[in-house]
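Q: I'm passing along upload_13.cif; it holds mmCIF, C-alpha atoms.
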```cif
data_entry
loop_
_atom_site.group_PDB
_atom_site.id
_atom_site.type_symbol
_atom_site.label_atom_id
_atom_site.label_comp_id
_atom_site.auth_asym_id
_atom_site.auth_seq_id
_atom_site.Cartn_x
_atom_site.Cartn_y
_atom_site.Cartn_z
ATOM 1 C CA MET L 75 1.888 18.346 -26.255
ATOM 2 C CA ASN L 76 5.465 17.499 -25.269
ATOM 3 C CA GLU L 77 6.613 14.674 -23.005
ATOM 4 C CA LEU L 78 6.769 16.906 -19.913
ATOM 5 C CA GLU L 79 3.191 18.127 -20.347
ATOM 6 C CA LEU L 80 2.000 14.570 -21.044
ATOM 7 C CA LYS L 81 3.534 13.494 -17.735
ATOM 8 C CA TRP L 82 1.708 16.277 -15.880
ATOM 9 C CA TRP L 83 -1.694 15.425 -17.343
ATOM 10 C CA LEU L 84 -1.295 11.684 -16.834
ATOM 11 C CA ALA L 85 -0.309 12.324 -13.202
ATOM 12 C CA ALA L 86 -3.402 14.495 -12.724
ATOM 13 C CA LEU L 87 -5.610 11.798 -14.260
ATOM 14 C CA ALA L 88 -4.168 8.922 -12.233
ATOM 15 C CA GLY L 89 -3.851 10.862 -8.968
ATOM 16 C CA GLY L 90 -7.357 12.250 -9.252
ATOM 17 C CA ALA L 91 -8.815 8.803 -9.912
ATOM 18 C CA GLY L 92 -7.072 7.284 -6.896
ATOM 19 C CA CYS L 93 -8.038 10.133 -4.570
ATOM 20 C CA GLY L 94 -11.639 10.134 -5.802
ATOM 21 C CA LEU L 95 -11.957 6.431 -5.072
ATOM 22 C CA ALA L 96 -10.245 6.632 -1.679
ATOM 23 C CA GLY L 97 -12.213 9.720 -0.678
ATOM 24 C CA PHE L 98 -15.522 8.064 -1.529
ATOM 25 C CA PHE L 99 -14.795 5.057 0.655
ATOM 26 C CA LEU L 100 -13.424 7.134 3.537
ATOM 27 C CA LEU L 101 -16.526 9.322 3.428
ATOM 28 C CA ALA L 102 -18.741 6.230 3.235
ATOM 29 C CA LEU L 103 -17.141 4.993 6.459
ATOM 30 C CA GLN L 104 -18.749 8.121 7.994
ATOM 31 C CA VAL L 105 -15.475 9.303 9.496
ATOM 32 C CA PRO L 106 -14.142 11.892 7.007
ATOM 33 C CA PHE L 107 -11.437 12.921 9.470
ATOM 34 C CA LEU L 108 -9.741 9.625 8.628
ATOM 35 C CA ALA L 109 -8.617 11.217 5.371
ATOM 36 C CA VAL L 110 -6.757 14.092 6.996
ATOM 37 C CA CYS L 111 -5.285 11.715 9.565
ATOM 38 C CA LEU L 112 -3.914 9.389 6.864
ATOM 39 C CA ALA L 113 -2.540 12.370 4.909
ATOM 40 C CA HIS L 114 -0.665 13.752 7.889
ATOM 41 C CA ALA L 115 0.591 10.313 8.946
ATOM 42 C CA ALA L 116 2.032 9.867 5.454
ATOM 43 C CA LEU L 117 3.590 13.335 5.669
ATOM 44 C CA ALA L 118 5.177 12.537 9.040
ATOM 45 C CA GLY L 119 6.531 9.246 7.700
ATOM 46 C CA ALA L 120 8.036 10.935 4.630
ATOM 47 C CA VAL L 121 9.684 13.675 6.723
ATOM 48 C CA ILE L 122 11.141 11.126 9.141
ATOM 49 C CA GLY L 123 12.418 9.140 6.167
ATOM 50 C CA LEU L 124 14.176 12.200 4.765
ATOM 51 C CA ALA L 125 15.691 13.002 8.161
ATOM 52 C CA LEU L 126 17.075 9.470 8.484
ATOM 53 C CA GLY L 127 18.213 9.193 4.872
ATOM 54 C CA TRP L 128 15.646 6.514 4.024
ATOM 55 C CA SER L 129 13.212 6.303 1.090
ATOM 56 C CA SER L 130 10.567 8.977 1.677
ATOM 57 C CA PRO L 131 7.832 7.239 -0.439
ATOM 58 C CA ALA L 132 8.329 3.983 1.471
ATOM 59 C CA CYS L 133 8.283 5.815 4.810
ATOM 60 C CA ALA L 134 5.201 7.788 3.743
ATOM 61 C CA PHE L 135 3.348 4.550 3.028
ATOM 62 C CA SER L 136 4.613 3.055 6.297
ATOM 63 C CA GLY L 137 3.266 6.061 8.209
ATOM 64 C CA ALA L 138 -0.117 5.864 6.470
ATOM 65 C CA LEU L 139 -0.259 2.081 6.936
ATOM 66 C CA LEU L 140 0.542 2.420 10.635
ATOM 67 C CA ALA L 141 -2.229 4.999 10.982
ATOM 68 C CA ALA L 142 -4.631 2.680 9.116
ATOM 69 C CA ALA L 143 -3.748 -0.135 11.518
ATOM 70 C CA LEU L 144 -4.333 2.092 14.537
ATOM 71 C CA LEU L 145 -7.622 3.355 13.115
ATOM 72 C CA GLY L 146 -8.722 -0.129 12.110
ATOM 73 C CA PRO L 147 -8.110 -3.216 14.260
ATOM 74 C CA LEU L 148 -6.616 -1.391 17.243
ATOM 75 C CA ALA L 149 -9.441 1.142 17.381
ATOM 76 C CA ASP L 150 -11.968 -1.706 17.256
ATOM 77 C CA ARG L 151 -10.268 -3.376 20.202
ATOM 78 C CA SER L 152 -10.008 -0.273 22.365
ATOM 79 C CA ARG L 153 -12.621 1.796 24.108
ATOM 80 C CA LEU L 154 -11.742 4.887 22.099
ATOM 81 C CA SER L 155 -13.931 5.767 19.148
ATOM 82 C CA ARG L 156 -12.326 5.867 15.699
ATOM 83 C CA GLU L 157 -12.894 9.663 15.644
ATOM 84 C CA ALA L 158 -11.033 10.136 18.924
ATOM 85 C CA MET L 159 -8.174 7.905 17.769
ATOM 86 C CA ALA L 160 -7.961 9.879 14.513
ATOM 87 C CA GLY L 161 -7.723 13.134 16.474
ATOM 88 C CA VAL L 162 -4.843 11.828 18.582
ATOM 89 C CA LEU L 163 -3.001 10.486 15.535
ATOM 90 C CA PHE L 164 -3.542 13.721 13.603
ATOM 91 C CA SER L 165 -1.931 15.855 16.297
ATOM 92 C CA LEU L 166 0.904 13.357 16.800
ATOM 93 C CA SER L 167 1.597 13.153 13.049
ATOM 94 C CA LEU L 168 1.642 16.914 12.658
ATOM 95 C CA GLY L 169 3.966 17.267 15.646
ATOM 96 C CA LEU L 170 6.360 14.632 14.286
ATOM 97 C CA ALA L 171 6.379 16.252 10.836
ATOM 98 C CA PHE L 172 7.242 19.710 12.186
ATOM 99 C CA LEU L 173 9.776 18.243 14.612
ATOM 100 C CA GLY L 174 11.494 16.382 11.792
ATOM 101 C CA ILE L 175 11.630 19.507 9.623
ATOM 102 C CA GLY L 176 12.960 21.553 12.525
ATOM 103 C CA ILE L 177 15.818 19.245 13.496
ATOM 104 C CA MET L 178 17.006 17.955 10.110
ATOM 105 C CA ALA L 179 20.269 19.418 8.855
ATOM 106 C CA THR L 180 19.707 18.625 5.171
ATOM 107 C CA HIS L 181 16.746 18.050 2.840
ATOM 108 C CA ARG L 182 14.727 20.708 4.685
ATOM 109 C CA GLY L 183 13.557 22.267 1.420
ATOM 110 C CA GLU L 184 12.457 18.871 0.127
ATOM 111 C CA ALA L 185 10.599 18.190 3.369
ATOM 112 C CA LEU L 186 8.818 21.537 3.219
ATOM 113 C CA GLY L 187 7.873 20.762 -0.374
ATOM 114 C CA LEU L 188 6.046 17.630 0.810
ATOM 115 C CA MET L 189 3.698 19.846 2.821
ATOM 116 C CA TRP L 190 2.212 21.581 -0.243
ATOM 117 C CA GLY L 191 3.403 19.288 -3.038
ATOM 118 C CA ASN L 192 4.204 20.005 -6.659
ATOM 119 C CA LEU L 193 2.512 18.046 -9.416
ATOM 120 C CA LEU L 194 4.876 19.588 -11.979
ATOM 121 C CA LEU L 195 7.990 17.999 -10.447
ATOM 122 C CA LEU L 196 6.831 14.374 -10.478
ATOM 123 C CA ARG L 197 8.956 11.727 -12.178
ATOM 124 C CA TRP L 198 7.695 9.058 -14.564
ATOM 125 C CA SER L 199 8.115 6.491 -11.782
ATOM 126 C CA ASP L 200 5.713 8.571 -9.662
ATOM 127 C CA VAL L 201 3.159 8.602 -12.489
ATOM 128 C CA VAL L 202 3.425 4.817 -12.830
ATOM 129 C CA ALA L 203 2.862 4.430 -9.076
ATOM 130 C CA LEU L 204 -0.185 6.712 -9.190
ATOM 131 C CA ALA L 205 -1.662 4.763 -12.105
ATOM 132 C CA ALA L 206 -0.933 1.378 -10.515
ATOM 133 C CA VAL L 207 -2.573 2.283 -7.198
ATOM 134 C CA ALA L 208 -5.657 3.751 -8.914
ATOM 135 C CA THR L 209 -5.981 0.702 -11.194
ATOM 136 C CA VAL L 210 -5.670 -1.810 -8.345
ATOM 137 C CA GLY L 211 -8.241 0.115 -6.293
ATOM 138 C CA GLY L 212 -10.655 0.373 -9.206
ATOM 139 C CA LEU L 213 -10.398 -3.318 -10.100
ATOM 140 C CA ALA L 214 -10.821 -4.358 -6.464
ATOM 141 C CA ALA L 215 -13.868 -2.099 -6.056
ATOM 142 C CA TRP L 216 -15.433 -3.560 -9.209
ATOM 143 C CA ARG L 217 -14.675 -7.150 -8.106
ATOM 144 C CA TRP L 218 -16.119 -6.788 -4.603
ATOM 145 C CA LEU L 219 -18.697 -4.060 -5.244
ATOM 146 C CA PRO L 220 -21.721 -5.882 -3.692
ATOM 147 C CA GLN L 221 -19.755 -6.798 -0.583
ATOM 148 C CA LEU L 222 -18.363 -3.276 -0.198
ATOM 149 C CA ARG L 223 -21.815 -1.772 -0.588
ATOM 150 C CA ALA L 224 -23.207 -4.084 2.097
ATOM 151 C CA VAL L 225 -20.335 -3.419 4.517
ATOM 152 C CA LEU L 226 -20.468 0.348 4.057
ATOM 153 C CA PHE L 227 -24.254 0.388 4.435
ATOM 154 C CA ASP L 228 -24.219 -1.397 7.793
ATOM 155 C CA ARG L 229 -21.261 -3.298 9.226
ATOM 156 C CA HIS L 230 -23.356 -5.092 11.843
ATOM 157 C CA ILE L 231 -25.891 -6.443 9.348
ATOM 158 C CA SER L 232 -23.189 -7.497 6.900
ATOM 159 C CA ARG L 233 -21.298 -9.269 9.697
ATOM 160 C CA ALA L 234 -24.483 -11.068 10.749
ATOM 161 C CA SER L 235 -24.997 -12.230 7.161
ATOM 162 C CA GLY L 236 -21.566 -13.861 7.112
ATOM 163 C CA LEU L 237 -19.451 -11.188 5.395
ATOM 164 C CA PRO L 238 -15.998 -10.467 6.886
ATOM 165 C CA ALA L 239 -16.934 -6.816 7.454
ATOM 166 C CA ALA L 240 -13.869 -5.947 9.518
ATOM 167 C CA ALA L 241 -11.506 -7.359 6.892
ATOM 168 C CA PHE L 242 -13.112 -5.218 4.168
ATOM 169 C CA VAL L 243 -12.870 -2.082 6.316
ATOM 170 C CA TYR L 244 -9.226 -2.735 7.172
ATOM 171 C CA ALA L 245 -8.420 -3.411 3.507
ATOM 172 C CA LEU L 246 -10.096 -0.135 2.524
ATOM 173 C CA LEU L 247 -8.071 1.754 5.118
ATOM 174 C CA ALA L 248 -4.810 0.121 4.012
ATOM 175 C CA TRP L 249 -5.435 0.839 0.317
ATOM 176 C CA SER L 250 -6.502 4.417 1.118
ATOM 177 C CA GLY L 251 -3.230 4.845 3.009
ATOM 178 C CA LEU L 252 -1.357 3.694 -0.095
ATOM 179 C CA ALA L 253 -3.330 6.104 -2.291
ATOM 180 C CA VAL L 254 -2.529 8.948 0.101
ATOM 181 C CA ALA L 255 1.186 8.063 0.164
ATOM 182 C CA VAL L 256 1.626 8.050 -3.618
ATOM 183 C CA ASN L 257 -0.243 11.362 -3.950
ATOM 184 C CA LEU L 258 1.746 13.092 -1.226
ATOM 185 C CA GLU L 259 4.372 14.605 -3.533
ATOM 186 C CA ALA L 260 1.770 15.720 -6.070
ATOM 187 C CA VAL L 261 -0.662 17.590 -3.815
ATOM 188 C CA GLY L 262 1.093 17.922 -0.454
ATOM 189 C CA GLY L 263 0.289 16.602 2.993
ATOM 190 C CA LEU L 264 -1.463 19.763 4.145
ATOM 191 C CA MET L 265 -3.766 19.977 1.092
ATOM 192 C CA LEU L 266 -4.344 16.363 0.091
ATOM 193 C CA TYR L 267 -7.416 16.203 2.333
ATOM 194 C CA SER L 268 -9.278 18.520 -0.060
ATOM 195 C CA LEU L 269 -8.747 16.277 -3.086
ATOM 196 C CA LEU L 270 -9.878 13.276 -1.052
ATOM 197 C CA ILE L 271 -13.032 14.722 0.487
ATOM 198 C CA ASN L 272 -14.308 17.623 -1.675
ATOM 199 C CA PRO L 273 -15.050 15.558 -4.829
ATOM 200 C CA ALA L 274 -16.545 12.712 -2.789
ATOM 201 C CA ALA L 275 -18.734 15.139 -0.842
ATOM 202 C CA ALA L 276 -19.780 16.834 -4.105
ATOM 203 C CA ALA L 277 -20.712 13.441 -5.573
ATOM 204 C CA ARG L 278 -22.877 12.693 -2.532
ATOM 205 C CA GLN L 279 -24.648 16.005 -3.090
ATOM 206 C CA LEU L 280 -25.453 15.077 -6.687
ATOM 207 C CA SER L 281 -26.460 11.432 -6.197
ATOM 208 C CA GLU L 282 -27.567 9.301 -3.264
ATOM 209 C CA ARG L 283 -27.134 6.027 -5.163
ATOM 210 C CA PHE L 284 -23.968 4.074 -4.415
ATOM 211 C CA VAL L 285 -22.557 3.321 -7.865
ATOM 212 C CA PRO L 286 -23.392 6.684 -9.512
ATOM 213 C CA ALA L 287 -21.926 8.518 -6.501
ATOM 214 C CA LEU L 288 -18.771 6.377 -6.696
ATOM 215 C CA VAL L 289 -18.321 7.106 -10.408
ATOM 216 C CA LEU L 290 -19.044 10.797 -9.858
ATOM 217 C CA SER L 291 -16.515 10.968 -7.033
ATOM 218 C CA VAL L 292 -13.771 9.622 -9.293
ATOM 219 C CA ALA L 293 -14.799 11.866 -12.193
ATOM 220 C CA LEU L 294 -14.956 15.003 -10.046
ATOM 221 C CA ALA L 295 -11.595 14.234 -8.431
ATOM 222 C CA ILE L 296 -10.048 13.864 -11.885
ATOM 223 C CA ALA L 297 -11.670 17.156 -12.890
ATOM 224 C CA SER L 298 -10.286 18.784 -9.733
ATOM 225 C CA ALA L 299 -6.742 17.575 -10.380
ATOM 226 C CA ALA L 300 -6.821 18.381 -14.101
ATOM 227 C CA GLY L 301 -8.536 21.730 -13.530
ATOM 228 C CA GLY L 302 -6.045 22.630 -10.805
ATOM 229 C CA LEU L 303 -3.165 21.699 -13.092
ATOM 230 C CA GLY L 304 -4.576 23.866 -15.879
ATOM 231 C CA LEU L 305 -5.081 26.772 -13.479
ATOM 232 C CA ALA L 306 -1.530 26.381 -12.177
ATOM 233 C CA ILE L 307 -0.101 26.447 -15.696
ATOM 234 C CA VAL L 308 -2.148 29.432 -16.868
ATOM 235 C CA CYS L 309 -1.800 31.562 -13.726
ATOM 236 C CA GLU L 310 1.652 30.274 -12.668
ATOM 237 C CA TRP L 311 0.265 29.298 -9.260
ATOM 238 C CA PRO L 312 1.320 26.351 -7.052
ATOM 239 C CA ALA L 313 -0.330 23.197 -8.373
ATOM 240 C CA GLY L 314 -1.410 21.837 -4.974
ATOM 241 C CA ALA L 315 -3.153 25.050 -3.932
ATOM 242 C CA SER L 316 -4.793 25.330 -7.363
ATOM 243 C CA ILE L 317 -6.197 21.797 -7.019
ATOM 244 C CA VAL L 318 -7.646 22.716 -3.619
ATOM 245 C CA LEU L 319 -9.354 25.796 -5.102
ATOM 246 C CA VAL L 320 -10.857 23.878 -8.008
ATOM 247 C CA SER L 321 -12.085 21.011 -5.809
ATOM 248 C CA SER L 322 -13.672 23.535 -3.424
ATOM 249 C CA CYS L 323 -15.426 25.262 -6.333
ATOM 250 C CA ILE L 324 -16.721 21.894 -7.552
ATOM 251 C CA PHE L 325 -18.131 21.160 -4.104
ATOM 252 C CA ALA L 326 -19.737 24.612 -3.962
ATOM 253 C CA GLY L 327 -21.289 24.051 -7.395
ATOM 254 C CA ALA L 328 -22.645 20.635 -6.402
ATOM 255 C CA THR L 329 -24.121 22.103 -3.225
ATOM 256 C CA ALA L 330 -25.824 24.846 -5.247
ATOM 257 C CA VAL L 331 -27.314 22.202 -7.560
ATOM 258 C CA LYS L 332 -28.556 20.211 -4.544
ATOM 259 C CA LEU L 333 -30.170 23.314 -3.013
ATOM 260 C CA ARG L 334 -31.794 24.190 -6.318
ATOM 261 C CA ARG L 335 -33.244 20.679 -6.630
ATOM 262 C CA SER L 336 -34.571 20.880 -3.069
ATOM 263 C CA ALA L 337 -36.312 24.159 -3.834
ATOM 264 C CA PHE L 338 -38.457 22.586 -6.558
#
```
Represent the structure from my file as structure tokens, please.
A:
Amino acid sequence: MNELELKWWLAALAGGAGCGLAGFFLLALQVPFLAVCLAHAALAGAVIGLALGWSSPACAFSGALLAAALLGPLADRSRLSREAMAGVLFSLSLGLAFLGIGIMATHRGEALGLMWGNLLLLRWSDVVALAAVATVGGLAAWRWLPQLRAVLFDRHISRASGLPAAAFVYALLAWSGLAVAVNLEAVGGLMLYSLLINPAAAARQLSERFVPALVLSVALAIASAAGGLGLAIVCEWPAGASIVLVSSCIFAGATAVKLRRSAF
């Protein structure tokens, strides 16, 4: 294995781990549309950054962080439900992304590339960012696992017992926004939702227990990213689309296992 191939596989491992963790928590919040909203907010931020000549990764994170803030504390203080707020932000983010691509004079090809991503073109700095975000998320989840489980089970009960439930939810949204931003170039804004939700949903099909489902979500997301990378290399297909196909097949397989268990 040469250095280029090592970079690809390490990126798949780190990106899959981060997306599996973020997807599990977003799904546990019972608003899976948050994932697609964060992905498109990051995409809009990156496109705007390219149009203005700013750092696209920093702008991608800023867009995702702004969406997390709107879906977190501002949604709690308004009369709109988090689902309704996510719908408004999703349409606004998509409109801003396409507007930015349409009006920019340069970097249009790079901006279009952010929509479907390319794992094979990542730099070593991107791999380091993917690994750092996944590691921080994993360590934080391990450190505050009991509190997270209580908050995700029932925010009202956890708040009544003295836990800062809102702070944990906002922190989860902010970290998920960071995980989405660093994975944007690898998978693409239009397809990142699949790597976030499909493995997490498959894990929930296979286990109803919190910790096993969390571990499964990370493992299946890694398998999706690595499997998609392998498929892209063998078939010479786009890496982002290949990851979507593999993650969808994993979800279909997990659903078949769940149905088979239910039949007996």
Q: Please determine, counting only C-alpha atoms, which residue among L:Leu80, L:Ala91, L:Leu100, L:Ala160 has the shortest atom-to-atom distance to Ser298 of chain L.
A: L:Ala91
Q: Excluding same-chain residues fewer than 4 positions from Met265 of chain L, what lies within 12 Å of it counting only C-alpha atoms, as a ChimeraX atom specification?
A: /L:109-111,113-114,117,187-192,254,257-261,269-272,312-319,321-322
Q: If I take atom CA of Cys133 of chain L and atom CA of Ala120 of chain L, how far is one from the other in Å, to one decimal?
A: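 We find that atom CA of Cys133 of chain L and atom CA of Ala120 of chain L lie 5.1 Å from each other.
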Q: Taking only C-alpha atoms into account, name the residue in L:Leu222, L:Leu195, L:Leu288, L:Val256 that is nearest to Lys81 of chain L.
A: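 Once distances to Lys81 of chain L are computed over only C-alpha atoms, the minimum belongs to L:Leu195.
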Q: Expanded to explicit residues, what is the PyMOL selection byres ((chain L and resi 328-331) around 9) for this file, as number ranges by chain?
A: L: 275-280, 323-327, 332-336
Q: Find, counting only C-alpha atoms, the residue in L:Leu145, L:Leu84, L:Ser136, L:Leu264 that gets nearest to Ala171 of chain L.
A: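 Closest residue, counting only C-alpha atoms: L:Leu264.
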Q: Can you measure atom CA of Glu184 of chain L to atom CA of Ala248 of chain L for me? One decimal in Å is fine.
A: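 Going from atom CA of Glu184 of chain L over to atom CA of Ala248 of chain L covers 25.8 Å.
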